Structures are given as structure tokens and as C-alpha cells.
Amino acid sequence: MDTVRWGIIGVGDVTEAKSGPGFQQAEGSSLVAVMRRDGEKAADYARRHGVPRWYDDAEALIHDPDVDAVYVATPPDSHRDYAVRVLEAGKPVYVEKPMARTAAECEDVLAAAERVGQPVFVAYYRRAMPRFVTVKRLLDDGAIGEVHAVAVHASKPSALADGADVPWRVRPEVAGGGLFVDLASHTLDLLDHLLGPVARVTGYAARFGRMTTAEDVVSASFELESGALGSGLWSYGTAEERDEVRILGSAGTLRFSTFGQEPLVLTTAAGEQHIEAPYPATVQLPLIQSVVDELTGRGTCPSTGASAMRTARVVDALLDEHRARHAITFA
């Protein structure tokens, strides 16, 4: 196909600026239909974003003959169901991250893709963002020599207020876990892209908050297939706010944040260099463009069902014991 005509299932907040406009801005792409169970909200989104059609029923959108591919942007507890239904309709699917709540649910999606011969793409969009394209180029060009180690430290105060409704992002039955699943998965997936897959991982998860059974502190030790070693600490209820990834090599160190826009910091024998690396206006646009390019035969997408599965397995390995201890199960 020369142009990919997209439908979106679930036009919530993430589709307002981060992703939705990207399907209209990408070359060779158009957004022709949106769906939300609340028909009034679907109609409002379509009107505000200039989308020709809206639905309040997912099946109607999935089987719309003018929809070539579907973006699933609902919370994670419905990712598997919607993705499988799209695939079984013979259409490619682009799934919001994480691909599903657990690796087992991801396996169901990949099995459906294999049965019908359609691709799965996952919105780990940092793989294609110019900021991290720059990081990967520096690493691949040997700016810090051979990579020996990586250290991740992410922390932020709790956003949960006593008496307030608990957001779905920290309800394990919906999200698969807490902010570790929602946010740290971005970093873990990015490291897979920058440095290669994790070969072994071990760690611990704990819960200090009492409004949800979700983990809010996770520590990890891991070994990459390259032989480099890594450590991670994620805390989502402490006073310190920090977002730092340090990659240590034989000839230098590269430091950056996953979610910030401050310059990258490259330290070598020549000194410290600050490299500007801002976000694009529509953060998912570069990855959406790569999906469109693959579907139209002009390129390849760096974030696939297979790569997202690797991230899901790392997340599961770090949370399995916590889930069992708190009787967190998934139907």
C-alpha cells in the first residue's frame, strides 16, 4: 500500500498530543477512524482532530474496510484482546506499551500474529526518537569505547493522595503493576535497543504505599548478552526526584535521562561534552513513521512484538515474586 489508513481503539489522553496527531503527520499515513466506548467522547475527539469517522464499538472499527491498520491505545488489561482481534481480522496492529500486562499475554498476541502472518508493533517510541538515535550513534561509533556497565536510578515522590481514586496506572489488575511497569519499562526497552538483550536478571520488588498492591520500589541486577553488567533502582514514593542512566565504557561515560530533555553528557579523556537532544513536538511521530515505512515497504520499525516481549520477560522476572506474595493474578 502507498498510504496506511489508521483506526485508533481508545482515544484517551495519550492520543491527544503524544501519539494521535502522529498518524496524521507521518508521510504516507492518514487517520480515518477512532473508537471509544463512550460515543460522545469518540465523536468529540473525531471533531477536534478532523477524523472522518468515529465508533463506540471496536468490532465496527476493526472491520471497517477503509481501515488498513489499528493502533490500540487502551489501558493494558485490554491490549491482548484487542490486538488479537485486529490480527485475526487480517490487519497489522500497533499496540501502546506495554504490549500486555504479562509476558504470557504478550505470547498470545505473538501467536496470533504468527497464525495470520501480520506484524505487531509496540509503542516503545524512544527507540526512534532523535534524542536516543543520537545516544545509539555515540555508542555504536565507540564514543565511550567498549561498554562494560550500565546503571539506572529513577525516583519520584508518590502522586497518590489519601482518599483520591487510584489511577489505573498503579492498579495491577489493569496495568500489570505500578509505575515500574508504566515508566521503567521504557528504560528497560531502551537499554535493550541501545546495548542488546538482557541474558540474566534478578532483583526484588517492594510495596511501601498502602493504597494499592502495586510495587513502588524495585531493584535489579542484570547481565547483557554482550557481557556488560547492569544495575537498576526505581522508587516511586520517595522524596528524591531523579532520572538518570549512566553507561560506562572503557574510554568514557555517557549520562542521560529517559524522560527529560536536558543535554546528554559525554565524558571522555578530552573532557565533558554536553549534547543537545530535545524531544520532537509529537513524541511518537518518529516511531509511527517507521511503522508506516515498514508497512509501505520503505523501511523497518525498531520496536516490534519480539523486542517488546523481551522487555515483558524482564519485567515479569523482577515482579513475579511480588505478584505471588500479594496474590496479584491475571485472568
# chains A, B, ... in the order shown; residues from 1 in each chain; ligands from 1

$ select_by_dssp --residues "range 181-270 of chain A" --states "alpha helix (DSSP H)" --output "PyMOL selection string"
chain A and resi 185-195

$ write_last_selection --atoms "N, CA and C atoms" --output "PDB file, in the first residue's frame"
ATOM      1  N   SER A 185       9.540   0.343  32.238  1.00  0.00           N
ATOM      2  CA  SER A 185       9.585  -0.485  31.032  1.00  0.00           C
ATOM      3  C   SER A 185      10.166   0.290  29.861  1.00  0.00           C
ATOM      4  N   HIS A 186       9.929   1.619  29.813  1.00  0.00           N
ATOM      5  CA  HIS A 186      10.531   2.441  28.759  1.00  0.00           C
ATOM      6  C   HIS A 186      12.051   2.353  28.815  1.00  0.00           C
ATOM      7  N   THR A 187      12.612   2.484  30.013  1.00  0.00           N
ATOM      8  CA  THR A 187      14.067   2.448  30.162  1.00  0.00           C
ATOM      9  C   THR A 187      14.618   1.070  29.841  1.00  0.00           C
ATOM     10  N   LEU A 188      13.974   0.034  30.354  1.00  0.00           N
ATOM     11  CA  LEU A 188      14.443  -1.323  30.085  1.00  0.00           C
ATOM     12  C   LEU A 188      14.411  -1.628  28.594  1.00  0.00           C
ATOM     13  N   ASP A 189      13.337  -1.203  27.927  1.00  0.00           N
ATOM     14  CA  ASP A 189      13.251  -1.444  26.490  1.00  0.00           C
ATOM     15  C   ASP A 189      14.300  -0.635  25.734  1.00  0.00           C
ATOM     16  N   LEU A 190      14.545   0.591  26.176  1.00  0.00           N
ATOM     17  CA  LEU A 190      15.556   1.422  25.531  1.00  0.00           C
ATOM     18  C   LEU A 190      16.943   0.795  25.673  1.00  0.00           C
ATOM     19  N   LEU A 191      17.260   0.260  26.840  1.00  0.00           N
ATOM     20  CA  LEU A 191      18.555  -0.389  27.036  1.00  0.00           C
ATOM     21  C   LEU A 191      18.697  -1.608  26.133  1.00  0.00           C
ATOM     22  N   ASP A 192      17.612  -2.359  25.945  1.00  0.00           N
ATOM     23  CA  ASP A 192      17.621  -3.488  25.012  1.00  0.00           C
ATOM     24  C   ASP A 192      18.014  -2.999  23.619  1.00  0.00           C
ATOM     25  N   HIS A 193      17.459  -1.844  23.235  1.00  0.00           N
ATOM     26  CA  HIS A 193      17.739  -1.281  21.911  1.00  0.00           C
ATOM     27  C   HIS A 193      19.166  -0.758  21.810  1.00  0.00           C
ATOM     28  N   LEU A 194      19.632  -0.077  22.841  1.00  0.00           N
ATOM     29  CA  LEU A 194      20.950   0.554  22.796  1.00  0.00           C
ATOM     30  C   LEU A 194      22.092  -0.431  22.972  1.00  0.00           C
ATOM     31  N   LEU A 195      21.900  -1.407  23.870  1.00  0.00           N
ATOM     32  CA  LEU A 195      23.010  -2.254  24.297  1.00  0.00           C
ATOM     33  C   LEU A 195      22.817  -3.736  24.004  1.00  0.00           C
TER      34      LEU A 195
END

$ select_by_dssp --residues "range 71-235 of chain A" --states "strand (DSSP E)" --output "JSON, numbers by chain"
{"A": [71, 72, 93, 94, 95, 120, 121, 122, 147, 148, 149, 150, 151, 152, 153, 154, 155, 198, 199, 200, 201, 202, 203, 204, 205, 206, 217, 218, 219, 220, 221, 222, 223, 224, 229, 230, 231, 232, 233, 234, 235]}

$ atom_distance --atom1 "CA of Glu96 in chain A" --atom2 "CA of Ser221 in chain A"
26.8 Å

$ residues_around --residues "Arg313 in chain A" --least-positions-apart "5" --cutoff "9 Å" --atoms "only C-alpha atoms" --output "ChimeraX atom specification"
/A:102-104,308,318

$ write_last_selection --atoms "C-alpha atoms" --output "tab-separated table (two decimals), in the first residue's frame"
chain	number	residue	atom	x	y	z
A	102	THR	CA	2.46	-10.05	31.34
A	103	ALA	CA	4.75	-11.96	29.03
A	104	ALA	CA	2.15	-14.74	28.84
A	308	ALA	CA	8.64	-5.84	23.40
A	318	LEU	CA	11.51	-8.71	38.58

$ residues_around --residues "Thr15 in chain A" --least-positions-apart "5" --cutoff "12 Å" --atoms "only C-alpha atoms" --output "list of chain:residue names"
A:Gly7, A:Ile8, A:Ile9, A:Gly10, A:Gly20, A:Pro21, A:Gly22, A:Phe23, A:Gln24, A:Leu31, A:Val34, A:Met35, A:Arg36, A:Ala42, A:Tyr45, A:Ala46, A:His49, A:Tyr71, A:Val72, A:Ala73, A:Thr74, A:Glu96, A:Ala123, A:Thr282, A:Val283, A:Gln284, A:Leu285

$ closest_residue --among "A:Ala324, A:Ala43, A:Val32, A:Ala306" --to "Asp66 in chain A" --atoms "only C-alpha atoms"
A:Val32

$ atom_distance --atom1 "CA of Val174 in chain A" --atom2 "CA of Glu88 in chain A"
23.5 Å

$ closest_residue --among "A:Arg169, A:Arg242, A:His79, A:Arg131" --to "Pro263 in chain A" --atoms "only C-alpha atoms"
A:Arg131

$ residues_around --residues "Gly176 in chain A" --least-positions-apart "5" --cutoff "8 Å" --atoms "only C-alpha atoms" --output "list in words"
Pro76, Asp77, Ala100, Arg101, Thr102, Arg171 and Val181 of chain A

$ write_last_selection --atoms "all heavy atoms" --output "CSV table (one decimal), in the first residue's frame"
chain,number,residue,atom,x,y,z
A,76,PRO,N,-3.6,-1.4,29.6
A,76,PRO,CA,-3.0,-2.7,29.2
A,76,PRO,C,-3.9,-3.9,29.4
A,76,PRO,O,-3.7,-4.9,28.8
A,76,PRO,CB,-1.8,-2.7,30.2
A,76,PRO,CG,-1.4,-1.3,30.4
A,76,PRO,CD,-2.8,-0.6,30.5
A,77,ASP,N,-4.9,-3.8,30.3
A,77,ASP,CA,-5.7,-5.0,30.5
A,77,ASP,C,-6.5,-5.5,29.3
A,77,ASP,O,-7.0,-6.6,29.3
A,77,ASP,CB,-6.6,-4.9,31.8
A,77,ASP,CG,-7.6,-3.7,31.6
A,77,ASP,OD1,-7.4,-2.8,30.8
A,77,ASP,OD2,-8.6,-3.7,32.3
A,100,ALA,N,1.3,-5.9,26.8
A,100,ALA,CA,0.2,-6.5,27.6
A,100,ALA,C,0.7,-6.5,29.0
A,100,ALA,O,1.8,-6.1,29.3
A,100,ALA,CB,-0.1,-7.9,27.1
A,101,ARG,N,-0.1,-7.0,29.9
A,101,ARG,CA,0.2,-7.0,31.3
A,101,ARG,C,1.3,-7.9,31.7
A,101,ARG,O,2.1,-7.6,32.7
A,101,ARG,CB,-1.0,-7.3,32.2
A,101,ARG,CG,-2.1,-6.3,32.1
A,101,ARG,CD,-3.4,-6.7,32.9
A,101,ARG,NE,-3.9,-7.9,32.3
A,101,ARG,CZ,-5.0,-8.5,32.8
A,101,ARG,NH1,-5.7,-8.0,33.8
A,101,ARG,NH2,-5.5,-9.6,32.2
A,102,THR,N,1.5,-9.0,31.0
A,102,THR,CA,2.5,-10.0,31.3
A,102,THR,C,3.0,-10.6,30.1
A,102,THR,O,2.5,-10.5,29.0
A,102,THR,CB,1.9,-11.2,32.1
A,102,THR,OG1,0.9,-11.9,31.3
A,102,THR,CG2,1.2,-10.7,33.4
A,171,ARG,N,-2.8,0.3,39.3
A,171,ARG,CA,-3.7,-0.8,39.7
A,171,ARG,C,-3.3,-2.1,38.9
A,171,ARG,O,-3.4,-2.1,37.7
A,171,ARG,CB,-5.2,-0.5,39.4
A,171,ARG,CG,-5.8,0.6,40.2
A,171,ARG,CD,-7.1,1.1,39.7
A,171,ARG,NE,-8.0,0.1,39.4
A,171,ARG,CZ,-9.0,0.2,38.5
A,171,ARG,NH1,-9.3,1.3,37.9
A,171,ARG,NH2,-9.8,-0.8,38.3
A,181,VAL,N,6.0,-0.8,35.9
A,181,VAL,CA,5.6,-1.3,34.6
A,181,VAL,C,5.3,-0.1,33.6
A,181,VAL,O,5.7,-0.2,32.4
A,181,VAL,CB,4.3,-2.1,34.8
A,181,VAL,CG1,3.8,-2.6,33.4
A,181,VAL,CG2,4.6,-3.3,35.7

$ residues_around --residues "range 217-220 of chain A" --least-positions-apart "6" --cutoff "12 Å" --atoms "only C-alpha atoms" --output "PyMOL selection string"
chain A and resi 150-158+177-181+184-185+188+198+200-209+229-238+314-322

$ residues_around --residues "Leu264 in chain A" --least-positions-apart "5" --cutoff "7 Å" --atoms "only C-alpha atoms" --output "PyMOL selection string"
chain A and resi 255-256+274-277

$ write_last_selection --atoms "C-alpha atoms" --output "PDB file, in the first residue's frame"
ATOM      1  CA  ARG A 255      24.872  10.055  31.019  1.00  0.00           C
ATOM      2  CA  PHE A 256      21.271  10.926  30.130  1.00  0.00           C
ATOM      3  CA  HIS A 274      27.022  18.483  26.581  1.00  0.00           C
ATOM      4  CA  ILE A 275      24.988  17.413  23.557  1.00  0.00           C
ATOM      5  CA  GLU A 276      21.574  18.959  22.922  1.00  0.00           C
ATOM      6  CA  ALA A 277      18.905  16.300  22.401  1.00  0.00           C
TER       7      ALA A 277
END

$ atom_distance --atom1 "CA of Ala312 in chain A" --atom2 "CA of Cys106 in chain A"
7.7 Å

$ closest_residue --among "A:Asp216, A:Asp140, A:Glu146, A:Glu107" --to "Leu160 in chain A" --atoms "only C-alpha atoms"
A:Asp216

$ closest_residue --among "A:Ser29, A:Thr296, A:Thr304, A:Thr258" --to "Lys97 in chain A" --atoms "only C-alpha atoms"
A:Thr304

$ closest_residue --among "A:Gly297, A:Leu61, A:Thr212, A:Tyr279" --to "Pro130 in chain A" --atoms "only C-alpha atoms"
A:Tyr279

$ closest_residue --among "A:Tyr94, A:Tyr82, A:Phe132, A:Tyr55" --to "Leu295 in chain A" --atoms "only C-alpha atoms"
A:Tyr94
